[in-house]
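Colleague: Input: one structure, supplied below.
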Amino acid sequence: MTFLQDVTASLSRLTGERRATIDTPTAAPSPLRPIDLTDDAVVAEVLDLAVRVGEVLLASGTSAMDTASQVQYIAATYGLARCDVDVTYNSITISAHRGPTRPPASTMRIVEYRSMDFTRLAAVDNLIRDVRVKMVSPAVARETLDAITKAPHPYNRWIATLAWSGMAAAISVLVGGDALVAVVSFLTTMVIDRIGRVLNRVGLPFFFQQVVGGFVAATPAITLYNFQEQLNITISPSLVIAAGVTVLLSGLSLVGSVQDAITGAPITASARFFEVLMMTGGIIAGVATSLKIAAIVGSDLPLITNNPPPGIDELPTKVLAGAAASLFYALACYAERRALTAAFLGGFAGALVYLLIQTLSTGPIIASAFAATVVGLAGGLMARRALIPPLIVAVAGITPLLPGLSLYRGLYALLNDQLLLGISALLAAFGIGCGLAAGVTLGEWGARTLRRPRILARTEELLRPTLRRREEPRRPVVRRRRGPVELKKKKKIQASGVPSAD
């Protein structure tokens with residue numbers, strides 16, 4: 001009973017009617033202490049604070065529309081209610097109207113980096129909440145933001161490396177691998193991460209880092225497959241490569257690009273989507289290079305066949321593997337502890353729905369879309385109570401479902417002159433990616449529009465109907481006064497033993 005109470009308490013802390021700040025504010029509150037619009041220095045300070053908050057949000061993968069809402073919200077809280085905000089792929093521009101007699105004030109910020117630091121994202125979310133609730137002054141808010149952006153990562157870099165490796169091992173189990181495949185995926189991803197760290201330090205463009213990552217992801221699997229008889233092992237190289245490719249895909253802003261396209265930011269969506277295509281092309285180029293070198297030296301890989309839907313007996317292991325992959329991804333992105341719990345639950349729900357729908361032979365695209373919708377809904381609900389951005393749960397929850405295996409299957413088919421099969425697999429991978437991103441967007445929209453019943457929020461308990469016996473009011477008894485003749489008749493009846501009508 002104690003265990004069930006602990007689980008219930010944990011779930012109640014993660015769900016509720018409180019909403020995260022990044023859960024799209026509907027309108028800005030009336031400023032309690034509005035700034036002086038005639039003071040150019042104070043106005044410039046507020047605008048700079050707003051665009052710097054937007055810089056952190058946009059760099060962390062938040063959609064353009066949500067970023068613009070938060071920037072406008074910050075400015076309106078301090079009294080700049082009439083602002084025009086323009087958010088593109090790598091820039092934020094804000095212009096504040098200060099009346100008919102004063103020129104508008106404007107500023108611009110260029111986003112020069114991309115960083116999936118979930119702790120920094122959650123800290124900025126808390127700062128926005130403090131600005132809204134506690135009316136923090138612009139100077140104090142700017143100092144807090146400086147401390148957030150300059151703070152080191154909460155975990156050591158090696159912890160992030162081990163988290164990436166654990167994520168690859170969990171994904172390899174999710175796609176059907178055994179213990180050997182999980183170990184090889186773990187070690188391969190560790191090498192990819194450390195090499196990428198070195199290449200990033202010397203300033204190599206990210207496209208070429210993806211090429212190197214794809215090459216490293218495929219080479220160990222090909223080598224072990226060709227020496228499996230000498231090593232007395234049996235390994236499926238496609239699953240190892242698929243796990244490595246999925247890890248490389250996880251760093252791309254697929255969700256943000258599709259969200260921008262759906263929510264009305266086509267320019268930013270086009271730029272982000274083109275970046276996703278280019279980085280995916282780098283992964284394909286690296287894997288293709290490794291496969292071509294293997295073919296030149298006479299090392300051929302086995303033909304890839306479609307895996308059958310998982311059986312019911314495989315569901316517990318694969319669901320836990322999907323949940324663990326989401327947890328490791330959140331840890332690799334430096335998420336705080338309560339965000340790790342939410343990511344684990346989101347990954348568990350997504351993997352469970354995906355595998356259950358797969359058993360109905362509906363196909364991976366439909367299963368991915370349904371699972372992503374559940375993840376988006378769960379992420380939005382848990383973000384209300386945990387007070388974390390819904391993006392953390394959404395991205396972590398769908399990461400294990402990224403189409404790494406379909407992408408590798410299509411590439412391998414194209415390299416082996418199976419044009420129709422290769423194009424079909426690549427289109428399937430594209431459909432899975434769009435289904436995941438669109439499902440997350442739909443789920444988050446559902447979470448934003450979902451409300452607890454008013455009677456539940458007011459009384460903190462659900463009032464249920466009860467059955468009660470209806471009690472009719474008693475009629476007053478009117479006693480008639482009896483005369484002497486009636487009393488004599490009653491005495492005679494009682495003497496004879498006949499019951500009286502009274």
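Residues are named by chain letter and number: chains run A, B, ... in the order of the structure tokens, numbers start at 1 in each chain, and ligands are numbered from 1 in the order shown.
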What lies within 7 Å of A:Gly435 using only C-alpha atoms, ignoring chain neighbours under 4 positions off, as a compact mmCIF listing (two decimals) with C-alpha atoms, in the first residue's frame?
Modeller:
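out.txt, freshly written:
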# COMPACT_ATOMS: atom_id res chain seq x y z
CA ILE A 365 4.03 5.80 -39.70
CA SER A 368 4.63 6.76 -34.69
CA ALA A 369 2.00 9.49 -35.09
CA GLY A 431 6.92 9.95 -43.11
CA GLY A 439 1.86 14.12 -33.37
Colleague: I need the residues of stretch 78-191 of chain A that end up classed as strand (DSSP E or B) by DSSP on the backbone, written out as a PyMOL selection string.
Modeller: chain A and resi 83-87+91-96+105-110
Colleague: Give me the residues of stretch 233-351 of chain A that have any atom at most 10 Å from an atom of stretch 206-229 of chain A; for each, the nearest atom pair and the distance in Å, rounded to one decimal. Use only C-alpha atoms, sort by chain and number, and format it as JSON lines.
Modeller:
{"residue": "A:Ile233", "atom": "CA", "partner": "A:Gln228", "partner_atom": "CA", "distance": 5.0}
{"residue": "A:Thr234", "atom": "CA", "partner": "A:Gln228", "partner_atom": "CA", "distance": 6.1}
{"residue": "A:Ile235", "atom": "CA", "partner": "A:Tyr225", "partner_atom": "CA", "distance": 6.2}
{"residue": "A:Ser236", "atom": "CA", "partner": "A:Tyr225", "partner_atom": "CA", "distance": 7.4}
{"residue": "A:Pro237", "atom": "CA", "partner": "A:Ala221", "partner_atom": "CA", "distance": 4.8}
{"residue": "A:Ser238", "atom": "CA", "partner": "A:Ala221", "partner_atom": "CA", "distance": 7.7}
{"residue": "A:Leu239", "atom": "CA", "partner": "A:Ala221", "partner_atom": "CA", "distance": 8.8}
{"residue": "A:Val240", "atom": "CA", "partner": "A:Ala221", "partner_atom": "CA", "distance": 6.2}
{"residue": "A:Ile241", "atom": "CA", "partner": "A:Ala218", "partner_atom": "CA", "distance": 5.3}
{"residue": "A:Ala242", "atom": "CA", "partner": "A:Ala217", "partner_atom": "CA", "distance": 8.4}
{"residue": "A:Ala243", "atom": "CA", "partner": "A:Ala217", "partner_atom": "CA", "distance": 8.4}
{"residue": "A:Gly244", "atom": "CA", "partner": "A:Ala217", "partner_atom": "CA", "distance": 5.3}
{"residue": "A:Val245", "atom": "CA", "partner": "A:Gly214", "partner_atom": "CA", "distance": 6.7}
{"residue": "A:Val247", "atom": "CA", "partner": "A:Gly213", "partner_atom": "CA", "distance": 9.7}
{"residue": "A:Leu248", "atom": "CA", "partner": "A:Gln210", "partner_atom": "CA", "distance": 7.2}
{"residue": "A:Leu249", "atom": "CA", "partner": "A:Gln210", "partner_atom": "CA", "distance": 9.2}
{"residue": "A:Glu275", "atom": "CA", "partner": "A:Phe207", "partner_atom": "CA", "distance": 9.3}
{"residue": "A:Met278", "atom": "CA", "partner": "A:Phe207", "partner_atom": "CA", "distance": 7.1}
{"residue": "A:Met279", "atom": "CA", "partner": "A:Phe207", "partner_atom": "CA", "distance": 5.5}
{"residue": "A:Thr280", "atom": "CA", "partner": "A:Gln210", "partner_atom": "CA", "distance": 7.8}
{"residue": "A:Gly281", "atom": "CA", "partner": "A:Val211", "partner_atom": "CA", "distance": 8.2}
{"residue": "A:Gly282", "atom": "CA", "partner": "A:Val211", "partner_atom": "CA", "distance": 4.6}
{"residue": "A:Ile283", "atom": "CA", "partner": "A:Gly214", "partner_atom": "CA", "distance": 4.6}
{"residue": "A:Ile284", "atom": "CA", "partner": "A:Gly214", "partner_atom": "CA", "distance": 6.7}
{"residue": "A:Ala285", "atom": "CA", "partner": "A:Val211", "partner_atom": "CA", "distance": 5.9}
{"residue": "A:Gly286", "atom": "CA", "partner": "A:Phe215", "partner_atom": "CA", "distance": 4.2}
{"residue": "A:Val287", "atom": "CA", "partner": "A:Gly214", "partner_atom": "CA", "distance": 4.8}
{"residue": "A:Ala288", "atom": "CA", "partner": "A:Phe215", "partner_atom": "CA", "distance": 7.7}
{"residue": "A:Thr289", "atom": "CA", "partner": "A:Phe215", "partner_atom": "CA", "distance": 6.6}
{"residue": "A:Ser290", "atom": "CA", "partner": "A:Phe215", "partner_atom": "CA", "distance": 5.5}
{"residue": "A:Leu291", "atom": "CA", "partner": "A:Ala218", "partner_atom": "CA", "distance": 7.5}
{"residue": "A:Ile293", "atom": "CA", "partner": "A:Thr219", "partner_atom": "CA", "distance": 9.4}
{"residue": "A:Ala294", "atom": "CA", "partner": "A:Ile222", "partner_atom": "CA", "distance": 7.4}
{"residue": "A:Gly298", "atom": "CA", "partner": "A:Asn226", "partner_atom": "CA", "distance": 9.6}
{"residue": "A:Ser299", "atom": "CA", "partner": "A:Asn226", "partner_atom": "CA", "distance": 6.4}
{"residue": "A:Asp300", "atom": "CA", "partner": "A:Asn226", "partner_atom": "CA", "distance": 8.0}
{"residue": "A:Leu301", "atom": "CA", "partner": "A:Ile222", "partner_atom": "CA", "distance": 7.1}
{"residue": "A:Pro302", "atom": "CA", "partner": "A:Tyr225", "partner_atom": "CA", "distance": 9.1}
Colleague: What does the file look like for those residues with N, CA, C and O atoms, as a compact mmCIF listing (two decimals), in the first residue's frame?
Modeller:
# COMPACT_ATOMS: atom_id res chain seq x y z
N ILE A 233 30.91 -15.39 -32.58
CA ILE A 233 29.77 -14.58 -32.16
C ILE A 233 28.78 -14.48 -33.32
O ILE A 233 29.11 -14.80 -34.46
N THR A 234 27.58 -14.04 -33.00
CA THR A 234 26.55 -13.76 -34.01
C THR A 234 26.00 -12.37 -33.73
O THR A 234 25.48 -12.10 -32.64
N ILE A 235 26.11 -11.49 -34.72
CA ILE A 235 25.73 -10.10 -34.53
C ILE A 235 24.94 -9.61 -35.74
O ILE A 235 25.17 -10.06 -36.87
N SER A 236 24.00 -8.74 -35.50
CA SER A 236 23.21 -8.11 -36.56
C SER A 236 23.73 -6.70 -36.76
O SER A 236 23.44 -5.80 -35.95
N PRO A 237 24.51 -6.44 -37.80
CA PRO A 237 25.13 -5.12 -37.95
C PRO A 237 24.11 -4.01 -38.21
O PRO A 237 24.34 -2.86 -37.85
N SER A 238 22.99 -4.34 -38.84
CA SER A 238 22.00 -3.31 -39.15
C SER A 238 21.43 -2.67 -37.89
O SER A 238 21.16 -1.46 -37.86
N LEU A 239 21.27 -3.44 -36.81
CA LEU A 239 20.73 -2.90 -35.57
C LEU A 239 21.74 -1.98 -34.88
O LEU A 239 21.36 -0.96 -34.29
N VAL A 240 23.02 -2.33 -34.97
CA VAL A 240 24.05 -1.46 -34.39
C VAL A 240 24.11 -0.13 -35.14
O VAL A 240 24.16 0.95 -34.54
N ILE A 241 24.07 -0.22 -36.47
CA ILE A 241 24.12 1.00 -37.27
C ILE A 241 22.87 1.84 -37.03
O ILE A 241 22.93 3.07 -36.94
N ALA A 242 21.72 1.18 -36.94
CA ALA A 242 20.47 1.91 -36.72
C ALA A 242 20.50 2.65 -35.39
O ALA A 242 20.02 3.80 -35.29
N ALA A 243 21.06 2.04 -34.34
CA ALA A 243 21.14 2.71 -33.04
C ALA A 243 22.05 3.93 -33.12
O ALA A 243 21.72 5.00 -32.58
N GLY A 244 23.19 3.79 -33.80
CA GLY A 244 24.08 4.94 -33.94
C GLY A 244 23.48 6.06 -34.76
O GLY A 244 23.63 7.25 -34.43
N VAL A 245 22.78 5.71 -35.84
CA VAL A 245 22.13 6.73 -36.66
C VAL A 245 21.04 7.45 -35.88
O VAL A 245 20.88 8.67 -35.99
N VAL A 247 20.95 8.01 -32.67
CA VAL A 247 21.61 8.95 -31.75
C VAL A 247 22.05 10.21 -32.49
O VAL A 247 21.90 11.33 -31.99
N LEU A 248 22.58 10.04 -33.71
CA LEU A 248 22.98 11.20 -34.49
C LEU A 248 21.79 12.04 -34.92
O LEU A 248 21.86 13.27 -34.98
N LEU A 249 20.67 11.40 -35.21
CA LEU A 249 19.46 12.14 -35.59
C LEU A 249 18.84 12.89 -34.42
O LEU A 249 18.13 13.88 -34.62
N GLU A 275 18.11 22.44 -42.77
CA GLU A 275 19.23 22.04 -41.91
C GLU A 275 19.12 20.57 -41.52
O GLU A 275 20.13 19.84 -41.54
N MET A 278 20.17 18.50 -44.50
CA MET A 278 21.61 18.54 -44.72
C MET A 278 22.36 17.68 -43.70
O MET A 278 23.25 16.92 -44.05
N MET A 279 21.97 17.78 -42.44
CA MET A 279 22.66 16.99 -41.42
C MET A 279 22.36 15.49 -41.59
O MET A 279 23.24 14.65 -41.38
N THR A 280 21.13 15.18 -41.99
CA THR A 280 20.81 13.78 -42.27
C THR A 280 21.60 13.29 -43.47
O THR A 280 22.06 12.13 -43.50
N GLY A 281 21.78 14.17 -44.47
CA GLY A 281 22.62 13.81 -45.61
C GLY A 281 24.06 13.53 -45.20
O GLY A 281 24.72 12.65 -45.76
N GLY A 282 24.55 14.26 -44.21
CA GLY A 282 25.90 13.98 -43.70
C GLY A 282 25.99 12.60 -43.07
O GLY A 282 26.98 11.87 -43.27
N ILE A 283 24.97 12.22 -42.31
CA ILE A 283 24.95 10.87 -41.72
C ILE A 283 24.92 9.81 -42.82
O ILE A 283 25.67 8.81 -42.76
N ILE A 284 24.08 10.03 -43.83
CA ILE A 284 23.99 9.07 -44.93
C ILE A 284 25.32 8.95 -45.67
O ILE A 284 25.76 7.85 -46.03
N ALA A 285 25.98 10.08 -45.86
CA ALA A 285 27.27 10.06 -46.55
C ALA A 285 28.31 9.27 -45.76
O ALA A 285 29.09 8.50 -46.33
N GLY A 286 28.31 9.44 -44.44
CA GLY A 286 29.28 8.70 -43.63
C GLY A 286 29.03 7.20 -43.64
O GLY A 286 29.96 6.40 -43.79
N VAL A 287 27.76 6.81 -43.50
CA VAL A 287 27.43 5.39 -43.53
C VAL A 287 27.71 4.80 -44.91
O VAL A 287 28.24 3.69 -45.04
N ALA A 288 27.36 5.56 -45.97
CA ALA A 288 27.61 5.06 -47.33
C ALA A 288 29.09 4.89 -47.61
O ALA A 288 29.50 3.93 -48.28
N THR A 289 29.90 5.79 -47.09
CA THR A 289 31.35 5.65 -47.27
C THR A 289 31.87 4.38 -46.63
O THR A 289 32.68 3.64 -47.21
N SER A 290 31.40 4.10 -45.43
CA SER A 290 31.82 2.88 -44.75
C SER A 290 31.37 1.63 -45.51
O SER A 290 32.13 0.66 -45.65
N LEU A 291 30.15 1.65 -46.02
CA LEU A 291 29.65 0.48 -46.77
C LEU A 291 30.41 0.29 -48.08
O LEU A 291 30.68 -0.85 -48.49
N ILE A 293 33.54 1.19 -48.71
CA ILE A 293 34.88 0.68 -48.39
C ILE A 293 34.80 -0.81 -48.06
O ILE A 293 35.66 -1.60 -48.49
N ALA A 294 33.75 -1.20 -47.34
CA ALA A 294 33.58 -2.62 -47.03
C ALA A 294 33.35 -3.44 -48.29
O ALA A 294 33.86 -4.57 -48.42
N GLY A 298 35.73 -6.49 -50.11
CA GLY A 298 35.07 -7.79 -50.16
C GLY A 298 34.28 -8.16 -48.93
O GLY A 298 34.00 -9.35 -48.72
N SER A 299 33.89 -7.19 -48.15
CA SER A 299 33.10 -7.47 -46.94
C SER A 299 31.66 -7.04 -47.21
O SER A 299 31.34 -5.84 -47.17
N ASP A 300 30.82 -7.99 -47.53
CA ASP A 300 29.42 -7.70 -47.81
C ASP A 300 28.58 -7.93 -46.57
O ASP A 300 28.82 -8.87 -45.80
N LEU A 301 27.57 -7.10 -46.42
CA LEU A 301 26.65 -7.24 -45.31
C LEU A 301 25.43 -8.04 -45.72
O LEU A 301 25.11 -8.13 -46.92
N PRO A 302 24.73 -8.65 -44.78
CA PRO A 302 23.54 -9.44 -45.14
C PRO A 302 22.41 -8.53 -45.61
O PRO A 302 22.34 -7.35 -45.26
Colleague: What lies within 8 Å of A:Thr88 using only C-alpha atoms, ignoring chain neighbours under 6 positions off, as a PyMOL selection string?
Modeller: chain A and resi 64+267-268
Colleague: Please dump the current selection as a PDB file, in the first residue's frame; keep all heavy atoms.
Modeller:
ATOM      1  N   ALA A  64       9.350  28.869 -33.355  1.00  0.00           N
ATOM      2  CA  ALA A  64       9.423  30.313 -33.546  1.00  0.00           C
ATOM      3  C   ALA A  64       8.219  31.022 -32.933  1.00  0.00           C
ATOM      4  O   ALA A  64       8.361  32.105 -32.343  1.00  0.00           O
ATOM      5  CB  ALA A  64       9.526  30.627 -35.044  1.00  0.00           C
ATOM      6  N   ILE A 267       8.923  30.430 -43.064  1.00  0.00           N
ATOM      7  CA  ILE A 267      10.311  30.758 -43.401  1.00  0.00           C
ATOM      8  C   ILE A 267      11.269  30.048 -42.452  1.00  0.00           C
ATOM      9  O   ILE A 267      12.239  29.404 -42.864  1.00  0.00           O
ATOM     10  CB  ILE A 267      10.519  32.282 -43.364  1.00  0.00           C
ATOM     11  CG1 ILE A 267       9.629  32.961 -44.417  1.00  0.00           C
ATOM     12  CG2 ILE A 267      11.978  32.626 -43.592  1.00  0.00           C
ATOM     13  CD1 ILE A 267       9.716  34.469 -44.408  1.00  0.00           C
ATOM     14  N   THR A 268      10.996  30.168 -41.162  1.00  0.00           N
ATOM     15  CA  THR A 268      11.831  29.476 -40.178  1.00  0.00           C
ATOM     16  C   THR A 268      11.734  27.963 -40.336  1.00  0.00           C
ATOM     17  O   THR A 268      12.730  27.247 -40.187  1.00  0.00           O
ATOM     18  CB  THR A 268      11.416  29.888 -38.757  1.00  0.00           C
ATOM     19  OG1 THR A 268      11.427  31.300 -38.650  1.00  0.00           O
ATOM     20  CG2 THR A 268      12.351  29.298 -37.726  1.00  0.00           C
TER      21      THR A 268
END
Colleague: Neighbours of A:Ile262 within 10 Å (only C-alpha atoms; same-chain residues fewer than 4 positions away dropped), as a PyMOL selection string?
Modeller: chain A and resi 256-258+266+269+437-438+441-442
Colleague: Next, the residues of the selection above should be written as a compact mmCIF listing (two decimals), in the first residue's frame with all heavy atoms.
Modeller:
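Final output, saved to selection-v7.txt:
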# COMPACT_ATOMS: atom_id res chain seq x y z
N GLY A 256 10.98 21.04 -33.90
CA GLY A 256 10.83 22.48 -34.06
C GLY A 256 10.51 22.88 -35.49
O GLY A 256 9.71 23.79 -35.73
N SER A 257 11.12 22.20 -36.47
CA SER A 257 10.86 22.55 -37.87
C SER A 257 9.42 22.27 -38.27
O SER A 257 8.77 23.10 -38.93
CB SER A 257 11.82 21.79 -38.78
OG SER A 257 11.62 20.39 -38.68
N VAL A 258 8.90 21.12 -37.90
CA VAL A 258 7.52 20.80 -38.25
C VAL A 258 6.54 21.67 -37.45
O VAL A 258 5.50 22.09 -37.97
CB VAL A 258 7.25 19.30 -38.02
CG1 VAL A 258 5.80 18.95 -38.30
CG2 VAL A 258 8.15 18.46 -38.92
N PRO A 266 6.48 29.70 -41.82
CA PRO A 266 7.02 28.89 -42.92
C PRO A 266 8.48 29.18 -43.24
O PRO A 266 9.22 28.28 -43.66
CB PRO A 266 6.11 29.23 -44.10
CG PRO A 266 5.54 30.57 -43.76
CD PRO A 266 5.43 30.62 -42.27
N ALA A 269 10.53 27.47 -40.64
CA ALA A 269 10.36 26.03 -40.84
C ALA A 269 11.19 25.55 -42.01
O ALA A 269 11.82 24.48 -41.95
CB ALA A 269 8.88 25.72 -41.07
N ALA A 437 6.79 14.48 -35.39
CA ALA A 437 6.74 15.92 -35.08
C ALA A 437 5.31 16.44 -35.08
O ALA A 437 4.92 17.23 -34.20
CB ALA A 437 7.58 16.69 -36.10
N ALA A 438 4.50 16.02 -36.05
CA ALA A 438 3.11 16.48 -36.09
C ALA A 438 2.32 15.93 -34.91
O ALA A 438 1.47 16.64 -34.33
CB ALA A 438 2.46 16.05 -37.41
N THR A 441 3.08 17.98 -31.84
CA THR A 441 2.40 19.27 -31.90
C THR A 441 0.93 19.15 -31.54
O THR A 441 0.38 19.97 -30.79
CB THR A 441 2.55 19.86 -33.31
OG1 THR A 441 3.94 19.95 -33.65
CG2 THR A 441 1.94 21.26 -33.38
N LEU A 442 0.27 18.12 -32.07
CA LEU A 442 -1.14 17.91 -31.75
C LEU A 442 -1.34 17.58 -30.28
O LEU A 442 -2.28 18.07 -29.63
CB LEU A 442 -1.70 16.78 -32.63
CG LEU A 442 -3.18 16.42 -32.42
CD1 LEU A 442 -4.07 17.62 -32.74
CD2 LEU A 442 -3.56 15.22 -33.27
Colleague: Go through A:Leu411, A:Leu231, A:Val133, A:Ala75 one by one, measure the shortest atom-to-atom distance of each to A:Ala50 using only C-alpha atoms, and give the residue with the smallest value.
Modeller: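 The closest residue to A:Ala50 is A:Ala75.
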Colleague: When you draw a straight line from atom CA of A:Pro138 to atom CA of A:Val56, how long is it in Å?
Modeller: 17.1 Å
Colleague: Please determine, counting only C-alpha atoms, which residue among A:Leu331, A:Thr161, A:Thr149, A:Gly346 has the shortest atom-to-atom distance to A:Ile195.
Modeller: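 Checking each candidate against A:Ile195, we get A:Thr161 as the closest.
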Colleague: Find the residues around A:Ile94 up to 10 Å (only C-alpha atoms counted), leave out those fewer than 2 positions away in its own chain, and share them as a list in words.
Modeller: Leu47, Asp48, Ala50, Val51, Ala68, Val71, Gln72, Ala75, Cys83, Asp84, Val85, Asp86, Val87, Ile92, Ala96, Ala105, Ser106, Thr107, Met108 and Arg109 of chain A
Colleague: Export N, CA and C atoms of the chosen residues as an mmCIF file, in the first residue's frame?
Modeller:
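Written out: result_32.cif:
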data_model
loop_
_atom_site.group_PDB
_atom_site.id
_atom_site.type_symbol
_atom_site.label_atom_id
_atom_site.label_comp_id
_atom_site.auth_asym_id
_atom_site.auth_seq_id
_atom_site.Cartn_x
_atom_site.Cartn_y
_atom_site.Cartn_z
ATOM 1 N N LEU A 47 13.949 45.642 -23.638
ATOM 2 C CA LEU A 47 13.985 44.977 -24.938
ATOM 3 C C LEU A 47 15.165 44.017 -25.036
ATOM 4 N N ASP A 48 16.292 44.408 -24.480
ATOM 5 C CA ASP A 48 17.457 43.519 -24.499
ATOM 6 C C ASP A 48 17.196 42.268 -23.677
ATOM 7 N N ALA A 50 14.284 40.885 -23.149
ATOM 8 C CA ALA A 50 13.306 40.058 -23.865
ATOM 9 C C ALA A 50 13.967 39.255 -24.981
ATOM 10 N N VAL A 51 14.820 39.898 -25.780
ATOM 11 C CA VAL A 51 15.423 39.169 -26.900
ATOM 12 C C VAL A 51 16.470 38.168 -26.416
ATOM 13 N N ALA A 68 8.390 33.788 -29.986
ATOM 14 C CA ALA A 68 7.846 35.137 -30.156
ATOM 15 C C ALA A 68 6.843 35.473 -29.060
ATOM 16 N N VAL A 71 8.858 36.365 -25.889
ATOM 17 C CA VAL A 71 9.522 37.663 -26.010
ATOM 18 C C VAL A 71 8.509 38.790 -25.845
ATOM 19 N N GLN A 72 7.381 38.667 -26.499
ATOM 20 C CA GLN A 72 6.352 39.684 -26.385
ATOM 21 C C GLN A 72 5.775 39.749 -24.975
ATOM 22 N N ALA A 75 8.182 41.708 -22.635
ATOM 23 C CA ALA A 75 8.093 43.148 -22.866
ATOM 24 C C ALA A 75 6.782 43.717 -22.338
ATOM 25 N N CYS A 83 4.117 45.687 -29.017
ATOM 26 C CA CYS A 83 5.404 45.283 -29.580
ATOM 27 C C CYS A 83 5.176 44.382 -30.780
ATOM 28 N N ASP A 84 6.037 44.518 -31.754
ATOM 29 C CA ASP A 84 6.069 43.626 -32.910
ATOM 30 C C ASP A 84 7.332 42.786 -32.817
ATOM 31 N N VAL A 85 7.157 41.456 -32.833
ATOM 32 C CA VAL A 85 8.273 40.529 -32.684
ATOM 33 C C VAL A 85 8.382 39.689 -33.947
ATOM 34 N N ASP A 86 9.568 39.588 -34.479
ATOM 35 C CA ASP A 86 9.833 38.779 -35.666
ATOM 36 C C ASP A 86 10.942 37.791 -35.333
ATOM 37 N N VAL A 87 10.624 36.512 -35.411
ATOM 38 C CA VAL A 87 11.585 35.455 -35.105
ATOM 39 C C VAL A 87 11.830 34.650 -36.374
ATOM 40 N N ILE A 92 16.233 37.363 -33.830
ATOM 41 C CA ILE A 92 15.038 37.836 -33.127
ATOM 42 C C ILE A 92 15.045 39.357 -33.186
ATOM 43 N N ALA A 96 9.127 48.199 -30.268
ATOM 44 C CA ALA A 96 8.130 48.625 -29.292
ATOM 45 C C ALA A 96 7.577 49.995 -29.681
ATOM 46 N N ALA A 105 11.112 52.025 -30.318
ATOM 47 C CA ALA A 105 12.399 51.471 -29.887
ATOM 48 C C ALA A 105 12.495 50.038 -30.394
ATOM 49 N N SER A 106 13.629 49.662 -30.905
ATOM 50 C CA SER A 106 13.800 48.329 -31.480
ATOM 51 C C SER A 106 15.190 47.804 -31.182
ATOM 52 N N THR A 107 15.317 46.500 -31.210
ATOM 53 C CA THR A 107 16.603 45.831 -31.038
ATOM 54 C C THR A 107 16.550 44.487 -31.748
ATOM 55 N N MET A 108 17.718 43.900 -31.953
ATOM 56 C CA MET A 108 17.832 42.651 -32.712
ATOM 57 C C MET A 108 18.908 41.793 -32.080
ATOM 58 N N ARG A 109 18.700 40.487 -32.128
ATOM 59 C CA ARG A 109 19.655 39.541 -31.548
ATOM 60 C C ARG A 109 19.868 38.391 -32.538
#
Colleague: Give me, as a PyMOL selection string, the residues of stretch 144-228 of chain A that a backbone DSSP run labels alpha helix (DSSP H).
Modeller: chain A and resi 144-150+157-174+179-201+206-226+228
Colleague: For A:Gly379, which of A:Thr144, A:Ser137, A:Ser63, A:Thr341 is the closest residue, counting only C-alpha atoms?
Modeller: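 Of the candidates, the smallest distance to A:Gly379 is held by A:Thr341.
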Colleague: From the list A:Pro152, A:Ser253, A:Lys292, A:Ala41, which residue is nearest A:Phe273 when using only C-alpha atoms?
Modeller: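 Among A:Pro152, A:Ser253, A:Lys292, A:Ala41, it is A:Ser253 that comes nearest to A:Phe273.
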Colleague: Could you pull the residues within 8 Å of A:Met65, counting only C-alpha atoms, minus those fewer than 5 positions along the same chain, as an MDAnalysis selection string?
Modeller: chainID A and resid 87 260 263:265
Colleague: Using the selection just defined, write its residues with C-alpha atoms as a compact mmCIF listing (two decimals), in the first residue's frame.
Modeller:
# COMPACT_ATOMS: atom_id res chain seq x y z
CA VAL A 87 11.58 35.45 -35.10
CA ASP A 260 7.03 26.03 -37.22
CA THR A 263 1.89 26.95 -36.43
CA GLY A 264 2.46 29.58 -39.12
CA ALA A 265 6.21 30.25 -39.44
Colleague: Calculate how many Å separate atom CA of A:Gly376 from atom CA of A:Val440, rounding to one decimal.
Modeller: 4.3 Å
Colleague: Work out how far atom CA of A:Gly422 is from atom CA of A:Ala372, in Å to one decimal.
Modeller: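 Rounded to one decimal, the two atoms are 25.3 Å apart.
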